[in-house]
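Peer 1: Following this line is entry23.cif, made up of mmCIF, C-alpha atoms and all ligand atoms:
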data_run
#
loop_
_atom_site.group_PDB
_atom_site.id
_atom_site.type_symbol
_atom_site.label_atom_id
_atom_site.label_comp_id
_atom_site.auth_asym_id
_atom_site.auth_seq_id
_atom_site.Cartn_x
_atom_site.Cartn_y
_atom_site.Cartn_z
ATOM 1 C CA MET A 169 157.938 104.880 103.368
ATOM 2 C CA LEU A 170 155.233 107.049 101.793
ATOM 3 C CA MET A 171 155.225 104.720 98.749
ATOM 4 C CA LYS A 172 154.544 101.754 101.043
ATOM 5 C CA TYR A 173 151.482 103.478 102.543
ATOM 6 C CA ALA A 174 150.264 104.356 99.056
ATOM 7 C CA TRP A 175 150.399 100.641 98.185
ATOM 8 C CA TYR A 176 148.476 99.669 101.324
ATOM 9 C CA LEU A 177 145.884 102.317 100.503
ATOM 10 C CA LEU A 178 145.556 101.084 96.917
ATOM 11 C CA ILE A 179 145.208 97.437 98.014
ATOM 12 C CA GLY A 180 142.675 98.450 100.690
ATOM 13 C CA VAL A 181 140.573 100.420 98.228
ATOM 14 C CA SER A 182 140.720 97.544 95.702
ATOM 15 C CA ILE A 183 139.514 95.016 98.293
ATOM 16 C CA LEU A 184 136.676 97.317 99.383
ATOM 17 C CA THR A 185 135.659 97.825 95.746
ATOM 18 C CA VAL A 186 135.518 94.052 95.142
ATOM 19 C CA ILE A 187 133.451 93.575 98.329
ATOM 20 C CA ALA A 188 131.082 96.395 97.356
ATOM 21 C CA LEU A 189 130.605 95.023 93.811
ATOM 22 C CA THR A 190 130.044 91.472 95.088
ATOM 23 C CA ALA A 191 127.490 92.712 97.620
ATOM 24 C CA HIS A 192 125.766 94.667 94.838
ATOM 25 C CA PHE A 193 125.470 91.634 92.544
ATOM 26 C CA VAL A 194 124.426 89.258 95.340
ATOM 27 C CA LYS A 195 121.772 91.748 96.413
ATOM 28 C CA SER A 196 120.519 92.148 92.825
ATOM 29 C CA ASP A 197 120.313 88.373 92.346
ATOM 30 C CA GLU A 198 118.459 87.895 95.619
ATOM 31 C CA ASN A 199 115.730 90.253 94.457
ATOM 32 C CA MET A 200 115.447 88.779 90.974
ATOM 33 C CA GLY A 201 112.277 86.776 90.476
ATOM 34 C CA GLN A 202 110.689 88.114 93.664
ATOM 35 C CA PRO A 203 107.482 90.095 93.261
ATOM 36 C CA THR A 204 107.601 93.847 93.730
ATOM 37 C CA THR A 205 105.117 95.226 96.241
ATOM 38 C CA PHE A 206 104.181 98.885 96.075
ATOM 39 C CA ARG A 207 101.890 100.702 98.524
ATOM 40 C CA SER A 208 100.634 104.226 97.956
ATOM 41 C CA SER A 209 97.455 106.300 98.223
ATOM 42 C CA GLY A 210 95.562 103.437 99.895
ATOM 43 C CA TYR A 211 96.437 100.911 97.181
ATOM 44 C CA GLU A 212 98.706 97.895 97.107
ATOM 45 C CA VAL A 213 100.162 96.782 93.781
ATOM 46 C CA HIS A 214 102.125 93.588 93.071
ATOM 47 C CA LEU A 215 104.176 93.038 89.929
ATOM 48 C CA GLN A 216 105.752 89.714 89.013
ATOM 49 C CA MET A 217 106.871 87.846 85.916
ATOM 50 C CA ASN A 218 104.871 84.608 85.700
ATOM 51 C CA GLU A 219 107.851 82.353 85.140
ATOM 52 C CA ALA A 220 111.590 82.124 85.696
ATOM 53 C CA PRO A 221 114.022 82.192 84.065
ATOM 54 C CA VAL A 222 112.829 84.843 81.652
ATOM 55 C CA LYS A 223 114.362 84.221 78.224
ATOM 56 C CA PRO A 224 115.229 86.967 75.731
ATOM 57 C CA MET A 225 113.242 87.238 72.476
ATOM 58 C CA THR A 226 110.403 85.268 74.092
ATOM 59 C CA ASN A 227 106.948 86.367 75.207
ATOM 60 C CA HIS A 228 106.448 86.364 78.971
ATOM 61 C CA ASP A 229 103.486 87.428 81.074
ATOM 62 C CA LEU A 230 103.821 90.192 83.638
ATOM 63 C CA ILE A 231 101.165 89.683 86.325
ATOM 64 C CA ILE A 232 99.752 92.789 88.009
ATOM 65 C CA SER A 233 97.442 92.712 91.001
ATOM 66 C CA ILE A 234 95.818 95.777 92.568
ATOM 67 C CA GLN A 235 94.091 95.836 95.939
ATOM 68 C CA ASP A 236 92.831 98.524 98.271
ATOM 69 C CA ASP A 237 93.594 98.932 102.000
ATOM 70 C CA LEU A 238 91.048 96.226 102.858
ATOM 71 C CA GLY A 239 92.543 93.716 100.409
ATOM 72 C CA LEU A 240 89.663 94.112 97.965
ATOM 73 C CA PRO A 241 90.407 93.996 94.224
ATOM 74 C CA VAL A 242 90.634 97.342 92.452
ATOM 75 C CA ASP A 243 89.757 97.948 88.839
ATOM 76 C CA ALA A 244 92.194 100.289 87.170
ATOM 77 C CA ALA A 245 90.932 102.594 84.446
ATOM 78 C CA GLU A 246 94.100 102.229 82.427
ATOM 79 C CA ILE A 247 97.462 100.472 82.629
ATOM 80 C CA SER A 248 100.394 101.083 80.322
ATOM 81 C CA ILE A 249 103.575 99.031 80.429
ATOM 82 C CA SER A 250 107.072 99.968 79.373
ATOM 83 C CA LEU A 251 110.192 97.854 79.343
ATOM 84 C CA ARG A 252 113.768 99.104 79.295
ATOM 85 C CA MET A 253 117.281 98.101 80.352
ATOM 86 C CA PRO A 254 118.466 100.494 83.081
ATOM 87 C CA ASP A 255 122.157 100.249 82.120
ATOM 88 C CA MET A 256 121.743 100.408 78.358
ATOM 89 C CA PHE A 257 120.393 102.589 75.587
ATOM 90 C CA CYS A 258 118.669 99.876 73.580
ATOM 91 C CA GLY A 259 115.321 101.637 73.801
ATOM 92 C CA THR A 260 111.978 101.615 75.576
ATOM 93 C CA PHE A 261 109.409 99.023 74.553
ATOM 94 C CA ASN A 262 105.713 99.654 75.214
ATOM 95 C CA PHE A 263 103.045 97.031 75.852
ATOM 96 C CA THR A 264 99.381 96.965 76.773
ATOM 97 C CA ALA A 265 97.750 95.187 79.722
ATOM 98 C CA GLU A 266 94.427 93.385 79.908
ATOM 99 C CA GLN A 267 92.249 92.488 82.860
ATOM 100 C CA THR A 268 92.037 88.753 83.613
ATOM 101 C CA SER A 269 89.818 88.873 86.746
ATOM 102 C CA PRO A 270 88.794 91.529 89.317
ATOM 103 C CA GLY A 271 91.931 93.440 90.323
ATOM 104 C CA MET A 272 94.163 91.173 88.181
ATOM 105 C CA TYR A 273 95.879 92.176 84.975
ATOM 106 C CA LYS A 274 98.290 90.613 82.531
ATOM 107 C CA SER A 275 100.708 92.111 80.056
ATOM 108 C CA THR A 276 102.615 90.024 77.552
ATOM 109 C CA VAL A 277 106.097 91.489 77.206
ATOM 110 C CA LYS A 278 109.113 90.507 75.157
ATOM 111 C CA PRO A 279 112.568 91.474 76.482
ATOM 112 C CA VAL A 280 114.883 91.451 73.481
ATOM 113 C CA MET A 281 118.251 91.019 75.187
ATOM 114 C CA PRO A 282 119.820 89.088 78.063
ATOM 115 C CA GLY A 283 120.471 91.235 81.133
ATOM 116 C CA ILE A 284 118.644 93.334 83.679
ATOM 117 C CA TRP A 285 115.312 94.893 82.779
ATOM 118 C CA ASP A 286 113.002 97.359 84.466
ATOM 119 C CA VAL A 287 109.342 96.953 83.664
ATOM 120 C CA GLU A 288 107.248 99.953 84.637
ATOM 121 C CA ALA A 289 103.476 99.851 85.044
ATOM 122 C CA SER A 290 101.711 103.215 84.924
ATOM 123 C CA ILE A 291 98.369 102.560 86.561
ATOM 124 C CA ARG A 292 95.542 105.081 86.484
ATOM 125 C CA ILE A 293 92.830 104.621 89.105
ATOM 126 C CA GLY A 294 90.331 107.471 88.917
ATOM 127 C CA SER A 295 92.391 110.646 89.141
ATOM 128 C CA LYS A 296 95.407 108.877 90.685
ATOM 129 C CA LEU A 297 98.429 107.678 88.756
ATOM 130 C CA LEU A 298 100.664 105.000 90.292
ATOM 131 C CA ASP A 299 104.028 104.209 88.723
ATOM 132 C CA VAL A 300 105.415 100.846 89.826
ATOM 133 C CA THR A 301 108.742 99.464 88.610
ATOM 134 C CA HIS A 302 109.728 95.788 88.807
ATOM 135 C CA THR A 303 113.264 94.611 88.037
ATOM 136 C CA PHE A 304 114.054 91.199 86.596
ATOM 137 C CA ARG A 305 116.854 89.456 84.769
ATOM 138 C CA THR A 306 116.717 87.651 81.443
ATOM 139 C CA ALA A 307 118.972 84.607 81.203
ATOM 140 C CA PRO A 308 121.368 84.457 78.240
HETATM 141 CU CU CU A 401 120.017 96.204 75.993
#
When written as structure tokens, how does the structure in this file appear?
Ligand SMILES: [Cu+2]
Peer 2:
Amino acid sequence: MLMKYAWYLLIGVSILTVIALTAHFVKSDENMGQPTTFRSSGYEVHLQMNEAPVKPMTNHDLIISIQDDLGLPVDAAEISISLRMPDMFCGTFNFTAEQTSPGMYKSTVKPVMPGIWDVEASIRIGSKLLDVTHTFRTAP
């Protein structure tokens, strides 16, 4: 009798695990390719890769836009970009960013492997430092 309940419990837990994992992957995929919006200290920052799918070992542009509360473009003093895979230990890759127009910046990044990447922009505006992370997937 007890053995039977143990089986039910095991099957139940297995089903819940599968549902949870599926939900996790569906959720991750939904957010892939969408821009990341970050609001803090009176600023609004958008990060987005300029094309999809992103291919490994290929240069891609990360587009950064910075606005203030009124929607006016903001010039950052300094932006540094780092790229890493959250689930791996294959390293952190640093890139620079350049201004393309008022409040708009571009960084050319090269993800080396297929999988999920976090690109972090550290943006210095005056004495403030904003750290914004955008997640994207590289196709195999
Ligand atoms: Cu990796």
Peer 1: At a cut-off of 9 Å around ligand CU 401 (chain A), and using only C-alpha atoms and all ligand atoms, what residues come up? Please write them as a PDB file with C-alpha atoms, in the frame of the given file.
Peer 2:
ATOM      1  CA  ARG A 252     113.768  99.104  79.295  1.00  0.00           C
ATOM      2  CA  MET A 253     117.281  98.101  80.352  1.00  0.00           C
ATOM      3  CA  PRO A 254     118.466 100.494  83.081  1.00  0.00           C
ATOM      4  CA  ASP A 255     122.157 100.249  82.120  1.00  0.00           C
ATOM      5  CA  MET A 256     121.743 100.408  78.358  1.00  0.00           C
ATOM      6  CA  PHE A 257     120.393 102.589  75.587  1.00  0.00           C
ATOM      7  CA  CYS A 258     118.669  99.876  73.580  1.00  0.00           C
ATOM      8  CA  GLY A 259     115.321 101.637  73.801  1.00  0.00           C
ATOM      9  CA  PRO A 279     112.568  91.474  76.482  1.00  0.00           C
ATOM     10  CA  VAL A 280     114.883  91.451  73.481  1.00  0.00           C
ATOM     11  CA  MET A 281     118.251  91.019  75.187  1.00  0.00           C
ATOM     12  CA  PRO A 282     119.820  89.088  78.063  1.00  0.00           C
ATOM     13  CA  GLY A 283     120.471  91.235  81.133  1.00  0.00           C
ATOM     14  CA  ILE A 284     118.644  93.334  83.679  1.00  0.00           C
ATOM     15  CA  TRP A 285     115.312  94.893  82.779  1.00  0.00           C
TER      16      TRP A 285
END
Peer 1: Just want the 8 Å neighbourhood of A:Ala307, counted on only C-alpha atoms, with same-chain residues fewer than 2 positions away dropped. Output as a ChimeraX atom specification.
Peer 2: /A:221-224,282-283,305
Peer 1: How would the residues just chosen look if you wrote them out with C-alpha atoms as a PDB file, in the coordinates of the input?
Peer 2:
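The result, stored in selection_36.pdb:
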ATOM      1  CA  PRO A 221     114.022  82.192  84.065  1.00  0.00           C
ATOM      2  CA  VAL A 222     112.829  84.843  81.652  1.00  0.00           C
ATOM      3  CA  LYS A 223     114.362  84.221  78.224  1.00  0.00           C
ATOM      4  CA  PRO A 224     115.229  86.967  75.731  1.00  0.00           C
ATOM      5  CA  PRO A 282     119.820  89.088  78.063  1.00  0.00           C
ATOM      6  CA  GLY A 283     120.471  91.235  81.133  1.00  0.00           C
ATOM      7  CA  ARG A 305     116.854  89.456  84.769  1.00  0.00           C
TER       8      ARG A 305
END
Peer 1: Write out as an MDAnalysis selection string which residues come within 8 Å of stretch 293-300 of chain A when counting all atoms listed in the file, dropping same-chain ones fewer than 4 positions away.
Peer 2: chainID A and resid 206 208 213 215 243:246 288:289
Peer 1: Interatomic distance between atom CA of A:Leu240 and atom CA of A:Gln216?
Peer 2: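 We find that atom CA of A:Leu240 and atom CA of A:Gln216 lie 18.9 Å from each other.
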Peer 1: How many Å separate atom CA of A:Thr260 from atom CA of A:Ile291?
Peer 2: 17.5 Å
Peer 1: Which residue, A:Ser250, A:Pro308, A:Leu230, A:Leu238, has the smallest gap to A:Ser275 when you use all atoms listed in the file?
Peer 2: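 Nearest to A:Ser275: A:Leu230.
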Peer 1: Determine the residue set returned by the PyMOL selection byres (((chain A and resi 242) around 9) and not hetatm) for the present structure, and present it as a PDB file with C-alpha atoms, in the frame of the given file.
Peer 2:
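Generated output (result30.pdb):
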ATOM      1  CA  TYR A 211      96.437 100.911  97.181  1.00  0.00           C
ATOM      2  CA  SER A 233      97.442  92.712  91.001  1.00  0.00           C
ATOM      3  CA  ILE A 234      95.818  95.777  92.568  1.00  0.00           C
ATOM      4  CA  GLN A 235      94.091  95.836  95.939  1.00  0.00           C
ATOM      5  CA  ASP A 236      92.831  98.524  98.271  1.00  0.00           C
ATOM      6  CA  GLY A 239      92.543  93.716 100.409  1.00  0.00           C
ATOM      7  CA  LEU A 240      89.663  94.112  97.965  1.00  0.00           C
ATOM      8  CA  PRO A 241      90.407  93.996  94.224  1.00  0.00           C
ATOM      9  CA  ASP A 243      89.757  97.948  88.839  1.00  0.00           C
ATOM     10  CA  ALA A 244      92.194 100.289  87.170  1.00  0.00           C
ATOM     11  CA  PRO A 270      88.794  91.529  89.317  1.00  0.00           C
ATOM     12  CA  GLY A 271      91.931  93.440  90.323  1.00  0.00           C
ATOM     13  CA  MET A 272      94.163  91.173  88.181  1.00  0.00           C
ATOM     14  CA  ILE A 293      92.830 104.621  89.105  1.00  0.00           C
TER      15      ILE A 293
END
